[in-house]
Each structure stands twice: as structure tokens, then as C-alpha cells.
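Data file: protein_31.txt. Format and content: compact mmCIF, C-alpha atoms.
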```
# COMPACT_ATOMS: atom_id res chain seq x y z
CA MET A 1 0.00 0.00 0.00
CA ASN A 2 1.49 3.36 -1.06
CA ASN A 3 1.40 6.62 0.91
CA ASN A 4 -1.68 7.97 -0.87
CA GLU A 5 -3.65 4.80 -0.13
CA GLN A 6 -2.53 4.87 3.50
CA LEU A 7 -3.66 8.51 3.81
CA LEU A 8 -7.01 7.65 2.25
CA MET A 9 -7.63 4.77 4.68
CA LYS A 10 -6.54 6.87 7.66
CA ASN A 11 -8.98 9.62 6.68
CA LYS A 12 -11.83 7.11 6.23
CA ILE A 13 -11.23 5.67 9.72
CA PHE A 14 -11.01 9.17 11.21
CA ASP A 15 -14.19 10.27 9.39
CA GLU A 16 -16.12 7.30 10.82
CA LEU A 17 -14.83 7.87 14.37
CA LEU A 18 -15.47 11.63 14.19
CA LYS A 19 -19.19 10.86 13.80
CA THR A 20 -19.24 9.49 17.37
CA LYS A 21 -20.30 11.57 20.39
CA SER A 22 -17.80 14.21 21.56
CA ALA A 23 -15.20 13.20 18.97
CA ALA A 24 -12.89 16.02 17.91
CA LYS A 25 -9.90 16.78 15.71
CA THR A 26 -6.60 17.78 17.30
CA SER A 27 -3.88 20.15 16.11
CA ASN A 28 -2.07 17.05 14.79
CA ASP A 29 -3.41 15.89 11.40
CA ASN A 30 -2.43 12.31 12.27
CA GLN A 31 -4.52 12.18 15.46
CA ILE A 32 -8.11 12.61 16.70
CA LYS A 33 -9.85 12.41 20.13
CA ILE A 34 -12.86 10.22 20.95
CA ARG A 35 -14.64 8.96 24.07
CA CYS A 36 -13.05 5.83 25.59
CA LYS A 37 -15.31 2.78 25.57
CA PHE A 38 -13.02 0.83 27.89
CA CYS A 39 -13.35 3.06 30.97
CA GLY A 40 -16.40 5.11 29.99
CA ASP A 41 -14.25 8.27 29.99
CA SER A 42 -15.00 11.30 32.21
CA ARG A 43 -18.45 12.19 33.57
CA ASN A 44 -18.48 15.29 31.44
CA GLN A 45 -19.87 13.93 28.18
CA ASP A 46 -18.15 16.69 26.21
CA HIS A 47 -14.66 15.57 27.24
CA SER A 48 -12.71 12.82 25.43
CA HIS A 49 -9.50 11.11 26.48
CA MET A 50 -9.01 8.38 23.84
CA TYR A 51 -6.47 9.44 21.22
CA VAL A 52 -6.46 7.62 17.87
CA GLY A 53 -3.63 8.19 15.44
CA VAL A 54 -0.92 6.92 13.12
CA MET A 55 1.65 4.96 15.12
CA ASN A 56 5.39 5.60 14.90
CA THR A 57 6.13 2.16 13.43
CA GLN A 58 7.97 0.71 10.43
CA GLN A 59 4.68 -0.63 9.05
CA PHE A 60 1.69 1.74 8.67
CA MET A 61 -0.65 1.18 11.62
CA ILE A 62 -3.31 3.19 13.44
CA GLY A 63 -3.28 2.89 17.23
CA TYR A 64 -5.31 4.11 20.17
CA HIS A 65 -4.39 5.22 23.69
CA CYS A 66 -6.66 6.46 26.49
CA LYS A 67 -4.97 9.03 28.72
CA LYS A 68 -7.51 8.31 31.46
CA CYS A 69 -7.35 4.49 31.85
CA GLN A 70 -4.15 3.84 29.75
CA SER A 71 -5.90 1.32 27.46
CA SER A 72 -3.89 1.08 24.24
CA GLY A 73 -3.54 -1.06 21.15
CA VAL A 74 -3.96 -1.21 17.38
CA VAL A 75 -7.25 -0.19 15.76
CA SER A 76 -9.04 -3.33 14.55
CA LYS A 77 -12.47 -4.48 13.37
CA ASP A 78 -13.43 -5.21 16.99
CA PHE A 79 -12.34 -1.74 18.07
CA LEU A 80 -14.48 -0.07 15.39
CA GLU A 81 -17.47 -2.24 16.29
CA MET A 82 -17.26 -0.90 19.86
CA TYR A 83 -18.23 2.42 18.25
CA ASP A 84 -20.95 0.80 16.06
CA ILE A 85 -18.82 1.21 12.94
CA LYS A 86 -19.27 -1.59 10.40
CA ASN A 87 -17.42 -0.97 7.18
CA VAL A 88 -16.34 -3.89 5.00
CA GLU A 89 -13.60 -1.91 3.20
CA LEU A 90 -12.03 -0.78 6.49
CA ASN A 91 -12.27 -4.28 7.97
CA VAL A 92 -10.37 -5.78 5.01
CA PHE A 93 -7.68 -3.09 5.33
CA LEU A 94 -7.30 -3.56 9.10
CA LYS A 95 -7.16 -7.35 8.85
CA LYS A 96 -4.39 -7.12 6.26
CA ASN A 97 -2.40 -4.63 8.35
CA ARG A 98 -2.67 -6.38 11.71
CA ILE A 99 -0.15 -9.03 10.59
CA SER A 100 3.28 -7.49 11.00
CA THR A 101 6.88 -8.38 11.52
CA ILE A 102 8.26 -7.20 14.86
CA ILE A 103 8.49 -3.46 14.36
CA LYS A 104 11.34 -0.99 14.82
CA LYS A 105 9.39 1.19 17.22
CA ASN A 106 6.01 0.43 18.76
CA ILE A 107 3.73 1.81 21.46
CA ASN A 108 5.96 0.75 24.34
CA SER A 109 9.49 0.80 22.93
CA ASN A 110 12.05 3.24 21.56
CA THR A 111 14.48 0.48 20.63
CA LEU A 112 17.10 1.43 18.05
CA VAL A 113 17.49 -0.97 15.12
CA ASN A 114 20.08 -0.94 12.31
CA ASN A 115 18.73 -1.19 8.78
CA TYR A 116 20.98 -4.04 7.62
CA ASN A 117 20.12 -6.97 5.35
CA ILE A 118 21.41 -10.51 4.85
CA PRO A 119 23.05 -11.25 1.46
CA ASP A 120 21.51 -14.27 -0.25
CA GLU A 121 24.51 -15.17 -2.45
CA ILE A 122 26.36 -18.26 -1.23
CA LEU A 123 30.04 -18.00 -2.08
CA GLN A 124 32.03 -21.09 -3.02
CA GLU A 125 34.34 -20.60 -0.05
CA ASP A 126 31.36 -20.82 2.31
CA LYS A 127 29.97 -24.16 1.10
CA PHE A 128 31.46 -25.93 4.14
CA LYS A 129 29.43 -23.60 6.37
CA ILE A 130 26.24 -24.60 4.52
CA ASP A 131 27.21 -28.23 5.11
CA TYR A 132 27.73 -27.52 8.81
CA LEU A 133 24.35 -25.78 9.14
CA SER A 134 22.60 -28.49 7.14
CA SER A 135 23.97 -31.09 9.55
CA ARG A 136 22.63 -29.07 12.52
CA PHE A 137 19.23 -28.52 10.88
CA ASN A 138 19.12 -32.13 9.65
CA ARG A 139 18.07 -30.84 6.21
CA LYS A 140 19.55 -28.81 3.35
CA ILE A 141 19.86 -25.10 4.16
CA THR A 142 18.38 -22.73 1.55
CA LYS A 143 18.80 -19.04 0.74
CA ASP A 144 15.40 -18.43 2.36
CA ASP A 145 16.75 -19.94 5.58
CA LEU A 146 19.65 -17.46 5.53
CA LYS A 147 17.18 -14.58 5.58
CA GLN A 148 14.63 -16.05 8.00
CA TYR A 149 17.27 -17.04 10.55
CA LYS A 150 19.43 -13.95 9.85
CA ILE A 151 22.53 -16.02 9.14
CA VAL A 152 25.79 -14.24 8.32
CA LEU A 153 27.72 -16.80 6.28
CA ASN A 154 30.57 -14.49 5.35
CA LEU A 155 31.40 -11.46 7.51
CA ASN A 156 33.31 -9.54 4.83
CA GLN A 157 30.47 -10.08 2.36
CA PHE A 158 27.93 -8.86 4.95
CA LEU A 159 29.96 -5.72 5.75
CA LYS A 160 30.36 -4.79 2.07
CA PHE A 161 26.72 -5.56 1.27
CA ASN A 162 25.57 -3.09 3.97
CA ASN A 163 28.37 -0.52 3.56
CA ILE A 164 29.53 -1.01 7.15
CA ASN A 165 32.88 0.43 8.23
CA LEU A 166 34.05 -1.19 11.48
CA TYR A 167 37.27 0.81 11.53
CA ARG A 168 35.91 4.32 12.16
CA ASP A 169 36.34 4.14 15.93
CA THR A 170 39.70 5.77 16.66
CA ASN A 171 40.06 3.71 19.86
CA THR A 172 40.05 0.47 17.89
CA ASN A 173 43.30 -1.38 17.16
CA LYS A 174 42.68 -1.63 13.42
CA MET A 175 45.21 -4.39 12.77
CA GLU A 176 43.78 -6.61 15.52
CA LEU A 177 40.22 -5.98 14.32
CA LYS A 178 41.13 -6.70 10.69
CA THR A 179 42.74 -9.99 11.73
CA LEU A 180 39.64 -10.92 13.72
CA VAL A 181 37.29 -10.02 10.84
CA GLU A 182 39.31 -12.20 8.46
CA GLU A 183 39.23 -15.10 10.93
CA TYR A 184 35.46 -14.77 11.45
CA THR A 185 35.02 -14.64 7.66
CA LYS A 186 37.06 -17.79 7.01
CA THR A 187 36.09 -20.02 9.91
CA CYS A 188 32.79 -18.98 11.52
CA VAL A 189 29.08 -18.66 10.83
CA GLY A 190 27.18 -15.79 12.46
CA PHE A 191 23.64 -14.90 13.53
CA LEU A 192 22.41 -11.31 13.58
CA SER A 193 20.73 -9.98 16.76
CA PHE A 194 17.21 -8.54 16.83
CA ASP A 195 18.51 -4.96 16.45
CA ASN A 196 20.94 -5.97 13.68
CA ASN A 197 23.83 -4.72 15.78
CA ILE A 198 25.53 -7.79 17.26
CA ILE A 199 26.63 -10.87 15.36
CA GLN A 200 27.07 -13.98 17.47
CA PHE A 201 29.57 -16.27 15.74
CA ARG A 202 29.78 -20.05 16.01
CA ASN A 203 33.38 -21.19 15.63
CA ILE A 204 33.49 -24.07 13.13
CA ASN A 205 37.18 -24.70 12.61
CA SER A 206 39.29 -21.78 13.90
CA ASN A 207 42.41 -22.45 15.96
CA VAL A 208 42.88 -18.70 16.51
CA ILE A 209 39.51 -17.90 18.10
CA ARG A 210 39.54 -19.65 21.48
CA TYR A 211 35.82 -19.79 22.17
CA LYS A 212 32.96 -21.79 20.66
CA TYR A 213 30.79 -18.65 20.61
CA SER A 214 31.89 -15.00 20.41
CA ASN A 215 30.21 -11.69 19.63
CA LEU A 216 30.99 -8.75 17.35
CA GLN A 217 29.24 -5.43 18.04
CA ILE A 218 28.77 -3.10 15.06
CA ASN A 219 27.59 0.16 16.66
CA LYS A 220 28.97 0.65 20.16
CA ASP A 221 26.45 3.43 20.92
CA PHE A 222 23.59 0.90 21.04
CA LYS A 223 22.64 -0.13 24.58
CA ASN A 224 20.19 -2.93 23.71
CA PRO A 225 20.66 -6.33 25.38
CA LEU A 226 22.02 -9.21 23.30
CA LEU A 227 18.92 -10.93 21.94
CA TYR A 228 18.30 -13.09 18.88
CA VAL A 229 14.76 -13.17 17.44
CA VAL A 230 13.56 -15.52 14.70
CA LYS A 231 12.27 -13.44 11.78
CA LYS A 232 8.59 -14.27 11.31
CA ASN A 233 5.15 -12.67 11.10
CA ILE A 234 3.68 -11.58 14.44
CA ASP A 235 0.10 -10.56 15.19
CA LEU A 236 0.69 -7.67 17.60
CA ILE A 237 -2.93 -7.80 18.82
CA SER A 238 -3.17 -11.58 19.14
CA ARG A 239 -5.69 -12.80 21.70
CA LYS A 240 -3.43 -15.73 22.59
CA PRO A 241 0.17 -14.48 22.40
CA LYS A 242 3.11 -16.71 23.28
CA ILE A 243 6.69 -15.78 24.09
CA ILE A 244 9.05 -18.70 23.51
CA ILE A 245 12.63 -18.36 24.76
CA ALA A 246 15.41 -20.92 24.38
CA GLU A 247 18.89 -20.72 25.84
CA GLY A 248 20.93 -20.64 22.62
CA ILE A 249 20.36 -19.67 18.99
CA PHE A 250 20.47 -23.24 17.68
CA ASP A 251 18.02 -24.20 20.45
CA ILE A 252 15.40 -21.63 19.41
CA ILE A 253 15.85 -22.55 15.75
CA GLY A 254 15.35 -26.20 16.74
CA VAL A 255 12.16 -25.27 18.61
CA LYS A 256 10.91 -23.34 15.55
CA GLU A 257 11.73 -26.20 13.17
CA ARG A 258 10.20 -28.89 15.39
CA PHE A 259 7.13 -27.33 16.96
CA CYS A 260 5.95 -24.16 15.16
CA LEU A 261 3.62 -24.08 12.15
CA ASP A 262 4.58 -21.87 9.21
CA ASP A 263 1.38 -19.83 9.53
CA ASP A 264 1.75 -19.24 13.30
CA VAL A 265 1.45 -15.51 14.00
CA ASP A 266 0.85 -15.69 17.76
CA SER A 267 4.37 -16.64 18.88
CA VAL A 268 7.60 -14.68 19.30
CA LEU A 269 10.67 -16.94 19.33
CA CYS A 270 13.93 -15.64 20.75
CA SER A 271 17.17 -16.49 22.52
CA PRO A 272 19.26 -14.47 24.99
CA CYS A 273 22.31 -16.24 23.52
CA GLY A 274 23.25 -17.93 26.77
CA LYS A 275 22.46 -14.84 28.86
CA SER A 276 19.50 -14.05 31.15
CA PHE A 277 15.99 -15.34 30.40
CA LYS A 278 14.42 -12.46 32.34
CA VAL A 279 16.31 -9.80 30.36
CA ALA A 280 15.11 -11.45 27.14
CA LEU A 281 11.50 -11.60 28.36
CA ASN A 282 11.56 -7.98 29.49
CA GLN A 283 12.86 -6.83 26.08
CA ILE A 284 10.24 -8.82 24.14
CA ILE A 285 7.45 -7.37 26.32
CA LYS A 286 8.76 -3.86 25.57
CA MET A 287 8.86 -4.59 21.84
CA THR A 288 5.49 -6.30 21.46
CA GLY A 289 3.32 -5.19 24.37
CA PHE A 290 2.54 -8.89 25.10
CA VAL A 291 1.78 -8.33 28.79
CA ASP A 292 -0.74 -11.18 29.01
CA SER A 293 1.13 -13.89 27.14
CA ASP A 294 1.97 -17.49 27.91
CA VAL A 295 5.74 -17.86 28.35
CA PHE A 296 7.71 -21.01 27.53
CA LEU A 297 11.35 -21.30 28.59
CA TYR A 298 13.26 -24.05 26.75
CA VAL A 299 16.20 -24.71 29.04
CA ASP A 300 19.39 -26.76 28.75
CA LYS A 301 19.87 -29.81 30.96
CA ASP A 302 23.61 -29.66 31.57
CA THR A 303 23.18 -30.03 35.34
CA ASN A 304 20.35 -30.56 37.81
CA ARG A 305 20.40 -26.82 38.53
CA ASP A 306 19.47 -26.09 34.92
CA ILE A 307 16.03 -27.67 35.41
CA ASP A 308 15.65 -26.87 39.12
CA LYS A 309 12.24 -25.33 39.90
CA GLY A 310 13.61 -23.39 42.85
CA PHE A 311 16.24 -21.72 40.67
CA PHE A 312 13.69 -20.60 38.06
CA ASN A 313 11.14 -19.52 40.69
CA ASN A 314 13.81 -17.16 42.00
CA HIS A 315 15.16 -16.12 38.58
CA MET A 316 11.69 -15.30 37.13
CA SER A 317 10.06 -14.11 40.38
CA GLN A 318 9.15 -10.64 39.05
CA PHE A 319 7.14 -12.19 36.18
CA ILE A 320 5.44 -15.13 37.93
CA PRO A 321 2.49 -13.14 39.36
CA ASN A 322 1.42 -11.89 35.91
CA PHE A 323 2.53 -14.57 33.44
CA ASN A 324 1.77 -18.24 32.90
CA ILE A 325 5.36 -19.57 32.70
CA THR A 326 6.23 -23.12 31.63
CA ILE A 327 9.72 -24.64 31.83
CA VAL A 328 10.46 -27.09 29.00
CA TYR A 329 13.49 -29.39 28.82
CA ASN A 330 14.75 -32.39 26.86
CA ASP A 331 15.01 -35.37 29.17
CA LYS A 332 16.94 -37.39 26.55
CA GLY A 333 19.68 -34.90 25.79
CA LYS A 334 21.29 -31.59 26.71
CA ASP A 335 19.08 -29.22 24.69
CA PHE A 336 17.10 -28.69 21.46
CA GLY A 337 19.92 -27.56 19.17
CA GLU A 338 20.64 -30.81 17.28
CA MET A 339 17.76 -31.59 14.95
CA SER A 340 18.99 -35.12 14.27
CA GLU A 341 18.78 -36.07 17.96
CA GLU A 342 15.78 -37.68 19.60
CA ILE A 343 14.03 -35.61 22.26
CA ASP A 344 11.80 -36.42 25.21
CA ILE A 345 9.86 -33.31 26.30
CA LYS A 346 9.33 -32.69 30.00
CA THR A 347 7.57 -29.62 31.41
CA TYR A 348 6.55 -27.98 34.66
CA LYS A 349 4.88 -24.66 35.51
CA LEU A 350 6.23 -21.94 37.76
```
As C-alpha cells:
Amino acid sequence: MNNNEQLLMKNKIFDELLKTKSAAKTSNDNQIKIRCKFCGDSRNQDHSHMYVGVMNTQQFMIGYHCKKCQSSGVVSKDFLEMYDIKNVELNVFLKKNRISTIIKKNINSNTLVNNYNIPDEILQEDKFKIDYLSSRFNRKITKDDLKQYKIVLNLNQFLKFNNINLYRDTNTNKMELKTLVEEYTKTCVGFLSFDNNIIQFRNINSNVIRYKYSNLQINKDFKNPLLYVVKKNIDLISRKPKIIIAEGIFDIIGVKERFCLDDDVDSVLCSPCGKSFKVALNQIIKMTGFVDSDVFLYVDKDTNRDIDKGFFNNHMSQFIPNFNITIVYNDKGKDFGEMSEEIDIKTYKL
């Protein structure tokens, strides 16, 4: 939908809502005021506290927010019907626009996101990385997989493709960084974080890089937590939202491959990359507004502590009163990251 069509639909929605009692225009062309149906608004029937307007999001959306009761969300067919508005054309438009990828900025978040993309050309020198990933996925990796799972096969290729200069920072030892970039390029496969700012690399065959996993930050001014999110469609006003978190990137990809349908739009799938589950959950809530979701934590089973209910009751204590949290683990193996391995699901609720 182009800008003219978006403007036309916005005006049609505003025109319908402005017919309701005590509705009024504001000084902002992208916003109007109406009476709030959630709280009944103020006793003075001439006053309105529900603001409806174009949201500051990557995808065109119209949202609402009551400054009296704080009800907020995205305008939908159900919202319009609360005001006795039944318009087939608007309903079709709103249904189409309610399905969205996780957005750069939404009602509750001012998260910064880099506008970088994944190259889909597979270079000959990176064929062994495709073989490695195919063995982990237990199927042949495609170019579509590279984009969906935000896989950086070749660091130099990714940097050139997005015109990224890592060497601008005067405090950086350029020779050391160049050596590291070359080593990542030759020996590692990377996964791009939700804000496109951190690449977590899996060491495949480097004798120089000491660790199995290591991270490269692109913009050091970003303060977002390290979080990997599977790229998929999300219904931001789902009536049954789920937040699914797994310990590592291969774990959450394994969960997606095993258990999630292709047309699922109710679930966000993410990994804190071996860091804190509660930091990951807090960030996803900020990004999506899913404050009433079911939460599933797919945990490793390295030790008894990893599946200990007491540990997770303490770790997730701030969320337990408001969220239905389920711990999920593989009783037959360490985790969910090897697709060729058999699993035996065990669960318990916090």
C-alpha cells in the first residue's frame, strides 16, 4: 500500500470515528480524540481522552491510547465495532495490516534498530558452512533460511553488502580488528541480533579464536541487550500471544523447526544467547506489548540446577504473578539444538 492509499484509509477511519459523540480533531493531522469505551471516559460527556492516530512504526498502523485508563492497542475491526462502525472496506484493510513483523518502534518501545540486510549469495568458499548448518538442521539449508534465521555466512560479504565500516572508531586497534574479521570470515558462521547490531559467531574450525561462541558489536552506541529473534510474522494484537525463549540460537531454531507451524502468527521466538531469560523476556514485552502472554522457557539440561524449579522460581520471580510460565526441557539430551537427535519433552509450571 502506497502513501496515498494509507492517507485515504486513515482519513476514512477518522471520518467514521469523528461521527461518534464528543469526537474532535486535534492540532495534529495524524490524530483525533474520541470517548473511551473501555473506561467510559470522564463524567463530562463533552470531554474525550481516547487518542487515535498513526503509530510511529515501520509498518503503517493506526493505534489508540486512552490518557484516562491507559488502554492502548492497534485499531481493529473489533475496536471499530465498539463504536458501532461496520465498514467492509475498512475491515479488510485492518485485517491485512494487523499481521506485522516485529516493528522498529512500537507503542511501548524506543528500541534502536540498524537497517541491515542478509546477502543471499552463497560464495564457493562458504559451502562448508552450509554443510555444517545443514547437519545441525538435519536438512539442506536454503537461501530463504539465511534470511529467516538472519545467518551471516561471510562477515566480509555482509559488511560490504551493507556498507559497514568497522574501523571508524579511533580507539580500535585496526590491525587486531582486521585480523579478527578475516578469521570470522574464514572459519565462523554468524547470527544477527534482533537490532541488527551484534553478530554472534559459532566457531566451526578456527584455531585462533579460542571460544565456541563469540560476539561482534557493530555500533557501540547501542545499549540494547544481546537478543536473537527468529524473523517471522507476528500478530501484535493476538488474543493468545506466546513468548518462547530458548537458551541458545540453535536451540530456538530447533524449537521453531520442530514445533511451530509456518502460519503461526501468535508466537515470538527468541534467545538471549546464553544470557538471562528475564532480560530477554523484558525486552520482548517492551517490543510487542505482550503483557498477558503465555511464556515457555526451553532450558538446557547440563546439570540438575538447569532444570531446578527453585532456581527458576527465584530467577523469574518478578514475572510469575502476571505470566503463565512453563519450563520445557529435553530429558533425553542436553538441549534442542541438534535436529537429528531424539528428544523427550518434560515440562513444569512456575
If you count all atoms listed in the file, which residues fall within 7 Å of stretch 261-278 of chain A, apart from same-chain ones fewer than 2 positions away, as a list in words?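 Residues near the query, excluding close chain neighbours: Leu226, Leu227, Tyr228, Val229, Val230, Asn233, Ile234, Asp235, Ser238, Lys240, Pro241, Lys242, Ile243, Ile244, Ile245, Ala246, Glu247, Gly248, Ile249, Ile252, Phe259, Ala280, Leu281, Asn282 and Met316 of chain A.
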Looking at A:Val52, A:Thr326, A:Ile199, A:Arg43, which one is nearest to A:Asn28, with distances taken over all atoms listed in the file? A:Val52
Could you check the closest approach to A:Lys301 for each of A:Ile320, A:Ile343, A:Cys260, A:Asn30 and tell me which residue wins, using all atoms listed in the file? A:Ile343
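Reported to one decimal place, the separation of atom CA of A:Phe323 from atom CA of A:Lys309 is 15.9 Å.
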Counting all atoms listed in the file, note down every residue that has an atom within 12 Å of the point (35.5, -11.1, 12.0) (file coordinates), as a ChimeraX atom specification. /A:152-159,166,174-190,198-203,206,208-209,214-218
How far is it from atom CA of A:Lys147 to atom CA of A:Asp221, in Å with one decimal? 25.4 Å
Near stretch 88-91 of chain A, counting all atoms listed in the file, which residues have an atom at most 8 Å away, once you skip same-chain residues fewer than 3 positions from it, shown as a ChimeraX atom specification? /A:9,12-13,76-77,94-95
Have a look at atom CA of A:Tyr329 and atom CA of A:Asn313 and let me know their distance in Å, one decimal.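 That distance, rounded to one decimal, is 15.6 Å.
Proximity of A:His47, A:Arg258, A:Lys33, A:Lys127 to A:Ser340, computed with only C-alpha atoms, is greatest for A:Arg258.
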Restricting the calculation to all atoms listed in the file, which member of A:Lys37, A:Phe60, A:Thr288, A:Lys332 is positioned closest to A:Asn4? A:Phe60
A:Tyr149 surroundings by only C-alpha atoms, 9 Å radius, close-in-sequence under 4 positions cut, as a PyMOL selection string: chain A and resi 144-145+191-192+229-231+253
Using the incomplete input, complete stretch 172-200 of chain A to the level of N, CA and C atoms; output as a PDB file, keeping the file's coordinate frame.
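The resulting result.pdb:
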```
ATOM      1  N   THR A 172      39.918   1.856  18.301  1.00  0.00           N
ATOM      2  CA  THR A 172      40.050   0.470  17.890  1.00  0.00           C
ATOM      3  C   THR A 172      41.451   0.191  17.347  1.00  0.00           C
ATOM      4  N   ASN A 173      42.042  -0.921  17.767  1.00  0.00           N
ATOM      5  CA  ASN A 173      43.300  -1.380  17.160  1.00  0.00           C
ATOM      6  C   ASN A 173      42.942  -1.996  15.814  1.00  0.00           C
ATOM      7  N   LYS A 174      43.173  -1.241  14.746  1.00  0.00           N
ATOM      8  CA  LYS A 174      42.680  -1.630  13.420  1.00  0.00           C
ATOM      9  C   LYS A 174      43.296  -2.933  12.924  1.00  0.00           C
ATOM     10  N   MET A 175      44.562  -3.161  13.225  1.00  0.00           N
ATOM     11  CA  MET A 175      45.210  -4.390  12.770  1.00  0.00           C
ATOM     12  C   MET A 175      44.610  -5.616  13.462  1.00  0.00           C
ATOM     13  N   GLU A 176      44.394  -5.494  14.775  1.00  0.00           N
ATOM     14  CA  GLU A 176      43.780  -6.610  15.520  1.00  0.00           C
ATOM     15  C   GLU A 176      42.376  -6.884  15.018  1.00  0.00           C
ATOM     16  N   LEU A 177      41.601  -5.812  14.788  1.00  0.00           N
ATOM     17  CA  LEU A 177      40.220  -5.980  14.320  1.00  0.00           C
ATOM     18  C   LEU A 177      40.194  -6.598  12.926  1.00  0.00           C
ATOM     19  N   LYS A 178      41.088  -6.145  12.053  1.00  0.00           N
ATOM     20  CA  LYS A 178      41.130  -6.700  10.690  1.00  0.00           C
ATOM     21  C   LYS A 178      41.461  -8.190  10.728  1.00  0.00           C
ATOM     22  N   THR A 179      42.390  -8.580  11.586  1.00  0.00           N
ATOM     23  CA  THR A 179      42.740  -9.990  11.730  1.00  0.00           C
ATOM     24  C   THR A 179      41.549 -10.801  12.221  1.00  0.00           C
ATOM     25  N   LEU A 180      40.812 -10.236  13.180  1.00  0.00           N
ATOM     26  CA  LEU A 180      39.640 -10.920  13.720  1.00  0.00           C
ATOM     27  C   LEU A 180      38.555 -11.056  12.673  1.00  0.00           C
ATOM     28  N   VAL A 181      38.313  -9.980  11.901  1.00  0.00           N
ATOM     29  CA  VAL A 181      37.290 -10.020  10.840  1.00  0.00           C
ATOM     30  C   VAL A 181      37.632 -11.103   9.816  1.00  0.00           C
ATOM     31  N   GLU A 182      38.898 -11.183   9.426  1.00  0.00           N
ATOM     32  CA  GLU A 182      39.310 -12.200   8.460  1.00  0.00           C
ATOM     33  C   GLU A 182      39.105 -13.608   9.023  1.00  0.00           C
ATOM     34  N   GLU A 183      39.384 -13.781  10.311  1.00  0.00           N
ATOM     35  CA  GLU A 183      39.230 -15.100  10.930  1.00  0.00           C
ATOM     36  C   GLU A 183      37.740 -15.485  11.022  1.00  0.00           C
ATOM     37  N   TYR A 184      36.909 -14.522  11.429  1.00  0.00           N
ATOM     38  CA  TYR A 184      35.460 -14.770  11.450  1.00  0.00           C
ATOM     39  C   TYR A 184      34.973 -15.147  10.042  1.00  0.00           C
ATOM     40  N   THR A 185      35.457 -14.417   9.051  1.00  0.00           N
ATOM     41  CA  THR A 185      35.020 -14.640   7.660  1.00  0.00           C
ATOM     42  C   THR A 185      35.376 -16.038   7.188  1.00  0.00           C
ATOM     43  N   LYS A 186      36.570 -16.497   7.528  1.00  0.00           N
ATOM     44  CA  LYS A 186      37.060 -17.790   7.010  1.00  0.00           C
ATOM     45  C   LYS A 186      36.536 -18.995   7.783  1.00  0.00           C
ATOM     46  N   THR A 187      36.271 -18.824   9.085  1.00  0.00           N
ATOM     47  CA  THR A 187      36.090 -20.020   9.910  1.00  0.00           C
ATOM     48  C   THR A 187      34.779 -20.097  10.688  1.00  0.00           C
ATOM     49  N   CYS A 188      33.967 -19.035  10.649  1.00  0.00           N
ATOM     50  CA  CYS A 188      32.790 -18.980  11.520  1.00  0.00           C
ATOM     51  C   CYS A 188      31.515 -18.694  10.742  1.00  0.00           C
ATOM     52  N   VAL A 189      30.391 -19.044  11.343  1.00  0.00           N
ATOM     53  CA  VAL A 189      29.080 -18.660  10.830  1.00  0.00           C
ATOM     54  C   VAL A 189      28.412 -17.818  11.910  1.00  0.00           C
ATOM     55  N   GLY A 190      27.736 -16.726  11.500  1.00  0.00           N
ATOM     56  CA  GLY A 190      27.180 -15.790  12.460  1.00  0.00           C
ATOM     57  C   GLY A 190      25.664 -15.678  12.377  1.00  0.00           C
ATOM     58  N   PHE A 191      25.075 -15.154  13.465  1.00  0.00           N
ATOM     59  CA  PHE A 191      23.640 -14.900  13.530  1.00  0.00           C
ATOM     60  C   PHE A 191      23.446 -13.471  14.014  1.00  0.00           C
ATOM     61  N   LEU A 192      22.590 -12.730  13.329  1.00  0.00           N
ATOM     62  CA  LEU A 192      22.410 -11.310  13.580  1.00  0.00           C
ATOM     63  C   LEU A 192      21.343 -11.093  14.659  1.00  0.00           C
ATOM     64  N   SER A 193      21.647 -10.245  15.644  1.00  0.00           N
ATOM     65  CA  SER A 193      20.730  -9.980  16.760  1.00  0.00           C
ATOM     66  C   SER A 193      19.487  -9.241  16.284  1.00  0.00           C
ATOM     67  N   PHE A 194      18.498  -9.132  17.180  1.00  0.00           N
ATOM     68  CA  PHE A 194      17.210  -8.540  16.830  1.00  0.00           C
ATOM     69  C   PHE A 194      17.343  -7.105  16.331  1.00  0.00           C
ATOM     70  N   ASP A 195      18.320  -6.354  16.858  1.00  0.00           N
ATOM     71  CA  ASP A 195      18.510  -4.960  16.450  1.00  0.00           C
ATOM     72  C   ASP A 195      19.545  -4.819  15.346  1.00  0.00           C
ATOM     73  N   ASN A 196      19.961  -5.948  14.770  1.00  0.00           N
ATOM     74  CA  ASN A 196      20.940  -5.970  13.680  1.00  0.00           C
ATOM     75  C   ASN A 196      22.261  -5.299  14.059  1.00  0.00           C
ATOM     76  N   ASN A 197      22.626  -5.413  15.335  1.00  0.00           N
ATOM     77  CA  ASN A 197      23.830  -4.720  15.780  1.00  0.00           C
ATOM     78  C   ASN A 197      24.906  -5.637  16.338  1.00  0.00           C
ATOM     79  N   ILE A 198      24.544  -6.847  16.744  1.00  0.00           N
ATOM     80  CA  ILE A 198      25.530  -7.790  17.260  1.00  0.00           C
ATOM     81  C   ILE A 198      25.442  -9.078  16.448  1.00  0.00           C
ATOM     82  N   ILE A 199      26.575  -9.571  16.032  1.00  0.00           N
ATOM     83  CA  ILE A 199      26.630 -10.870  15.360  1.00  0.00           C
ATOM     84  C   ILE A 199      27.249 -11.859  16.341  1.00  0.00           C
ATOM     85  N   GLN A 200      26.487 -12.912  16.662  1.00  0.00           N
ATOM     86  CA  GLN A 200      27.070 -13.980  17.470  1.00  0.00           C
ATOM     87  C   GLN A 200      27.612 -15.049  16.519  1.00  0.00           C
TER      88      GLN A 200
END
```
